[in-house]
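This report refers to the structure that appears directly beneath it.
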Amino acid sequence: MKPVVVAVAITGSVPRKTDNPALPVTVAEQIESTRQAYEAGAALVHIHVRNDDETPSSDPDRFAAVQEGIRRHCPGMIVQFSTGGRGRDPASRGLSLRHRPDMASLSTGSVNFPTIVYENPASLVTDLASQMRAHGVRPEIEIFDLSHLHGARRLVDEGLMDARPHVQFVMGVKNALPADERLLDLLLGELKQVLPEATWTAAGIGRHQAEVMDWALARGAFSVRTGLEDNIRVTKHQLAASNAELVGLAVECVQRHGRTVATPAEARAALGLAA
């Protein structure tokens with residue numbers, strides 16, 4: 001089987017240093033944490049940036065600074081910016097795309113989160129997809145609900161992305177998709193019908209991270225995702241020491257399933273990205 005791309009989501013928009021002191025928040029911390037994760041086996045990094053008070057930021061200069069550091073210290077690593085919406089002005093969510101990361105996340109519909117509605121109206125989704133296409137940024141489609149697959153199909157039909165997007169099923173967010181193995185099979189069945197050429201992964205949130213990774217690998221997933229954005233612990237009672245520790249656990253999981261970990265060059269080739 002093809003090598004597995006290990007993706008690391010280093011920060012996110014929710015955890016704080018009071019939750020886990022290892023969370024990288026400043027630009028320098030994010031670059032160093034990514035370098036460690038890269039050396040542990042991650043080939044793709046998913047980036048959110050924060051303001052000085054740790055609140056979510058859309059500052060394109062911060063995104064650019066993190067990207068520059070990663071490209072300097074992590075040769076070939078795929079850089080993926082978040083266009084996610086928690087705590088960010090919708091009009092600002094695409095500002096960083098002009099810095100031309102390799103990829104960017106794209107949610108194709110709205111969904112309930114634990115304390116908010118994560119709003120992604122069709123007009124915003126179209127605008128973000130159009131910006132990604134204009135800047136040569138490959139989207140990763142974030143699926144929080146079955147209907148979001150059909151939202152992605154609409155973008156293909158409208159010529160805003162090609163027919164082989166990378167799709168991520170997000171499981172275990174309260175009020176959205178539960179972490180249920182049966183549901184992953186349902187989602188994969190629909191993916192085969194709606195976007196048959198897509199590559200895919202599944203991300204488990206919090207305590208579901210390891211089990212969702214196992215389910216995905218057992219079904220031939222193209223990649224797996226880990227990192228402090230999704231999960232700040234290695235056990236119920238032990239905080240993760242770093243993103244690199246979580247990447248190391250993901251690498252071990254990949255190997256248990258008889259798969260090999262993709263190099264950055266292999267990951268780029270598989271995703272259709274320039275070397």
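Each chain in the structure tokens gets a letter, A, B, ..., in the order shown, and its residues are numbered from 1; ligands are numbered from 1 in order too.
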Would you write out, as a tab-separated table, a table of all residues in segment 39-112 of chain A that have an atom no more than 12 Å from an atom of segment 130-146 of chain A, listing for each the closest atom pair and the distance in Å to one decimal, considering only C-alpha atoms and ordering rows by chain and rising residue number?
```
residue	atom	partner	partner_atom	distance
A:Leu44	CA	A:Glu140	CA	11.7
A:His46	CA	A:Glu140	CA	10.3
A:Ile78	CA	A:Arg138	CA	10.7
A:Val79	CA	A:Val137	CA	10.2
A:Gln80	CA	A:Glu140	CA	8.5
A:Phe81	CA	A:Val137	CA	9.6
A:Ser82	CA	A:Glu140	CA	9.5
A:Thr83	CA	A:Pro139	CA	10.0
A:Gly84	CA	A:Glu142	CA	9.4
A:Arg93	CA	A:Gln131	CA	10.8
A:Gly94	CA	A:Gln131	CA	7.3
A:Leu95	CA	A:Gln131	CA	9.2
A:Ser96	CA	A:Gln131	CA	10.1
A:Leu97	CA	A:Met132	CA	6.7
A:Arg98	CA	A:His135	CA	6.3
A:His99	CA	A:His135	CA	8.2
A:Arg100	CA	A:His135	CA	5.9
A:Pro101	CA	A:Val137	CA	6.2
A:Asp102	CA	A:Val137	CA	5.5
A:Met103	CA	A:Arg138	CA	4.5
A:Ala104	CA	A:Pro139	CA	5.1
A:Ser105	CA	A:Glu140	CA	4.7
A:Leu106	CA	A:Ile141	CA	5.0
A:Ser107	CA	A:Glu142	CA	4.8
A:Thr108	CA	A:Ile141	CA	7.1
A:Gly109	CA	A:Asp145	CA	8.0
A:Ser110	CA	A:Phe144	CA	8.3
A:Val111	CA	A:Phe144	CA	6.8
A:Asn112	CA	A:Phe144	CA	9.1
```
Practice item. Report as number ranges by chain: the residues of segment 18-240 of chain A with a DSSP assignment of alpha helix (DSSP H), based on the backbone of this structure. Key: A: 27-40, 60-73, 122-135, 147-157, 181-194, 209-218
Residues from the last selection, C-alpha atoms, saved as a short mmCIF file (atom, residue, chain, number, x, y, z; two decimals), in the first residue's frame:
```
data_model
loop_
_atom_site.label_atom_id
_atom_site.label_comp_id
_atom_site.auth_asym_id
_atom_site.auth_seq_id
_atom_site.Cartn_x
_atom_site.Cartn_y
_atom_site.Cartn_z
CA VAL A 27 5.63 32.47 15.77
CA ALA A 28 8.96 31.23 17.14
CA GLU A 29 7.27 28.51 19.19
CA GLN A 30 5.25 27.35 16.19
CA ILE A 31 8.32 27.12 13.96
CA GLU A 32 10.27 25.16 16.57
CA SER A 33 7.36 22.84 17.38
CA THR A 34 6.88 22.13 13.67
CA ARG A 35 10.60 21.42 13.23
CA GLN A 36 10.44 18.84 16.01
CA ALA A 37 7.29 17.27 14.52
CA TYR A 38 8.93 17.18 11.08
CA GLU A 39 11.94 15.35 12.49
CA ALA A 40 9.56 12.89 14.18
CA PRO A 60 -1.54 37.35 7.28
CA ASP A 61 1.90 38.53 8.41
CA ARG A 62 1.93 35.99 11.22
CA PHE A 63 0.95 33.22 8.81
CA ALA A 64 3.70 34.34 6.45
CA ALA A 65 6.32 34.40 9.23
CA VAL A 66 5.45 30.89 10.37
CA GLN A 67 5.52 29.63 6.79
CA GLU A 68 8.91 31.23 6.12
CA GLY A 69 10.41 29.59 9.19
CA ILE A 70 8.97 26.18 8.35
CA ARG A 71 10.24 26.32 4.80
CA ARG A 72 13.68 27.24 6.11
CA HIS A 73 13.90 24.54 8.79
CA ALA A 122 -22.30 29.14 0.57
CA SER A 123 -21.16 32.62 -0.49
CA LEU A 124 -18.16 32.49 1.88
CA VAL A 125 -17.25 28.96 0.80
CA THR A 126 -17.34 30.05 -2.85
CA ASP A 127 -15.20 33.09 -2.10
CA LEU A 128 -12.56 31.10 -0.21
CA ALA A 129 -12.46 28.41 -2.91
CA SER A 130 -12.10 31.10 -5.58
CA GLN A 131 -9.18 32.67 -3.70
CA MET A 132 -7.49 29.30 -3.32
CA ARG A 133 -7.82 28.64 -7.02
CA ALA A 134 -6.50 32.12 -7.90
CA HIS A 135 -3.43 31.68 -5.69
CA SER A 147 -23.98 17.27 3.48
CA HIS A 148 -20.53 18.89 3.36
CA LEU A 149 -19.44 16.25 0.84
CA HIS A 150 -22.14 17.53 -1.49
CA GLY A 151 -20.97 21.09 -0.85
CA ALA A 152 -17.53 20.00 -2.05
CA ARG A 153 -19.05 18.38 -5.13
CA ARG A 154 -20.69 21.73 -5.95
CA LEU A 155 -17.28 23.39 -5.98
CA VAL A 156 -15.98 20.75 -8.40
CA ASP A 157 -19.01 21.20 -10.66
CA GLU A 181 -16.79 3.55 13.32
CA ARG A 182 -20.09 2.82 11.60
CA LEU A 183 -20.38 6.47 10.59
CA LEU A 184 -16.92 6.43 9.03
CA ASP A 185 -18.06 3.59 6.78
CA LEU A 186 -21.16 5.57 5.84
CA LEU A 187 -19.07 8.65 5.02
CA LEU A 188 -16.61 6.63 2.93
CA GLY A 189 -19.48 5.10 1.00
CA GLU A 190 -20.82 8.54 0.18
CA LEU A 191 -17.34 9.81 -0.69
CA LYS A 192 -16.98 7.02 -3.23
CA GLN A 193 -20.22 8.13 -4.88
CA VAL A 194 -19.73 11.90 -4.73
CA GLN A 209 -7.71 10.61 18.29
CA ALA A 210 -6.10 7.17 18.53
CA GLU A 211 -9.19 5.11 17.79
CA VAL A 212 -10.17 7.16 14.73
CA MET A 213 -6.60 6.85 13.46
CA ASP A 214 -6.87 3.07 13.79
CA TRP A 215 -10.21 3.00 11.95
CA ALA A 216 -8.82 5.13 9.14
CA LEU A 217 -5.67 3.08 8.67
CA ALA A 218 -7.65 -0.16 8.69
#
```
Point to revise | Atomic distance atom CA of Ala203 of chain A - atom CA of Gly172 of chain A, expressed in Å with one decimal | key: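 Computed distance, atom CA of Ala203 of chain A to atom CA of Gly172 of chain A, equals 8.4 Å.
Comparing A:Leu160, A:Asn175, A:Glu229, A:Ser57 by their smallest distance to Arg16 of chain A, the closest is A:Glu229 (using only C-alpha atoms).
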Exercise for review: Could you check how far atom CA of Val6 of chain A sits from atom CA of Pro264 of chain A, in Å to one decimal?
Suggested key: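 Here the two named atoms are 9.6 Å from each other.
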I'd like to know which residues of segment 149-223 of chain A are strand (DSSP E) (by DSSP, run on the backbone); could you write them as a PDB file with N, CA, C and O atoms, in the first residue's frame?
```pdb
ATOM      1  N   HIS A 166      -8.405  16.656  -1.417  1.00  0.00           N
ATOM      2  CA  HIS A 166      -8.091  15.886  -0.222  1.00  0.00           C
ATOM      3  C   HIS A 166      -9.187  16.178   0.795  1.00  0.00           C
ATOM      4  O   HIS A 166      -9.490  17.342   1.079  1.00  0.00           O
ATOM      5  N   VAL A 167      -9.783  15.132   1.335  1.00  0.00           N
ATOM      6  CA  VAL A 167     -10.952  15.243   2.206  1.00  0.00           C
ATOM      7  C   VAL A 167     -10.604  14.737   3.599  1.00  0.00           C
ATOM      8  O   VAL A 167      -9.987  13.678   3.746  1.00  0.00           O
ATOM      9  N   GLN A 168     -11.010  15.495   4.605  1.00  0.00           N
ATOM     10  CA  GLN A 168     -10.811  15.071   5.990  1.00  0.00           C
ATOM     11  C   GLN A 168     -12.139  14.993   6.722  1.00  0.00           C
ATOM     12  O   GLN A 168     -12.867  15.991   6.810  1.00  0.00           O
ATOM     13  N   PHE A 169     -12.434  13.819   7.264  1.00  0.00           N
ATOM     14  CA  PHE A 169     -13.616  13.641   8.097  1.00  0.00           C
ATOM     15  C   PHE A 169     -13.235  13.959   9.541  1.00  0.00           C
ATOM     16  O   PHE A 169     -12.307  13.361  10.093  1.00  0.00           O
ATOM     17  N   VAL A 170     -13.942  14.897  10.158  1.00  0.00           N
ATOM     18  CA  VAL A 170     -13.644  15.309  11.526  1.00  0.00           C
ATOM     19  C   VAL A 170     -14.681  14.677  12.447  1.00  0.00           C
ATOM     20  O   VAL A 170     -15.876  14.967  12.343  1.00  0.00           O
ATOM     21  N   MET A 171     -14.226  13.832  13.351  1.00  0.00           N
ATOM     22  CA  MET A 171     -15.129  13.044  14.179  1.00  0.00           C
ATOM     23  C   MET A 171     -14.851  13.285  15.661  1.00  0.00           C
ATOM     24  O   MET A 171     -13.691  13.373  16.080  1.00  0.00           O
ATOM     25  N   THR A 199      -8.585  11.823  -2.287  1.00  0.00           N
ATOM     26  CA  THR A 199      -7.840  11.182  -1.214  1.00  0.00           C
ATOM     27  C   THR A 199      -8.514  11.573   0.103  1.00  0.00           C
ATOM     28  O   THR A 199      -9.264  12.541   0.159  1.00  0.00           O
ATOM     29  N   TRP A 200      -8.253  10.807   1.167  1.00  0.00           N
ATOM     30  CA  TRP A 200      -9.008  11.091   2.389  1.00  0.00           C
ATOM     31  C   TRP A 200      -8.214  10.742   3.653  1.00  0.00           C
ATOM     32  O   TRP A 200      -7.275   9.965   3.626  1.00  0.00           O
ATOM     33  N   THR A 201      -8.666  11.337   4.729  1.00  0.00           N
ATOM     34  CA  THR A 201      -8.198  11.020   6.062  1.00  0.00           C
ATOM     35  C   THR A 201      -9.351  11.228   7.038  1.00  0.00           C
ATOM     36  O   THR A 201     -10.415  11.733   6.648  1.00  0.00           O
ATOM     37  N   ALA A 202      -9.160  10.833   8.281  1.00  0.00           N
ATOM     38  CA  ALA A 202     -10.154  11.080   9.325  1.00  0.00           C
ATOM     39  C   ALA A 202      -9.417  11.523  10.584  1.00  0.00           C
ATOM     40  O   ALA A 202      -8.382  10.943  10.940  1.00  0.00           O
ATOM     41  N   ALA A 203      -9.927  12.549  11.219  1.00  0.00           N
ATOM     42  CA  ALA A 203      -9.318  13.087  12.434  1.00  0.00           C
ATOM     43  C   ALA A 203     -10.245  12.871  13.618  1.00  0.00           C
ATOM     44  O   ALA A 203     -11.419  13.262  13.564  1.00  0.00           O
ATOM     45  N   GLY A 204      -9.728  12.257  14.668  1.00  0.00           N
ATOM     46  CA  GLY A 204     -10.490  12.105  15.900  1.00  0.00           C
ATOM     47  C   GLY A 204     -10.105  13.190  16.888  1.00  0.00           C
ATOM     48  O   GLY A 204      -8.924  13.483  17.082  1.00  0.00           O
ATOM     49  N   SER A 223      -3.851   9.389   4.660  1.00  0.00           N
ATOM     50  CA  SER A 223      -3.071  10.084   5.674  1.00  0.00           C
ATOM     51  C   SER A 223      -3.745   9.967   7.030  1.00  0.00           C
ATOM     52  O   SER A 223      -4.890   9.509   7.145  1.00  0.00           O
TER      53      SER A 223
END
```
Study note, to complete from the structure: Closest of A:Val224, A:Ala176, A:Ala91, A:Ala163 to Val251 of chain A, counting only C-alpha atoms, is A:Val224
Practice item. Using only C-alpha atoms, pick whichever of A:Val254, A:Leu195, A:Val14, A:Leu246 has the shortest atom-to-atom distance to Gly220 of chain A. Key: A:Val254
Review point. Given the choices A:Gly41, A:Glu245, A:Asp89, A:Ala22, which gets closest to Val4 of chain A if the distance is worked out from only C-alpha atoms?
Key: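 Selected residue with least distance to Val4 of chain A: A:Gly41.
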**Study point:** Selected residue of minimal separation from Gly206 of chain A among A:Val45, A:Met1, A:Val25, A:Val234, counting only C-alpha atoms
**Key:**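 Once distances to Gly206 of chain A are computed over only C-alpha atoms, the minimum belongs to A:Val234.
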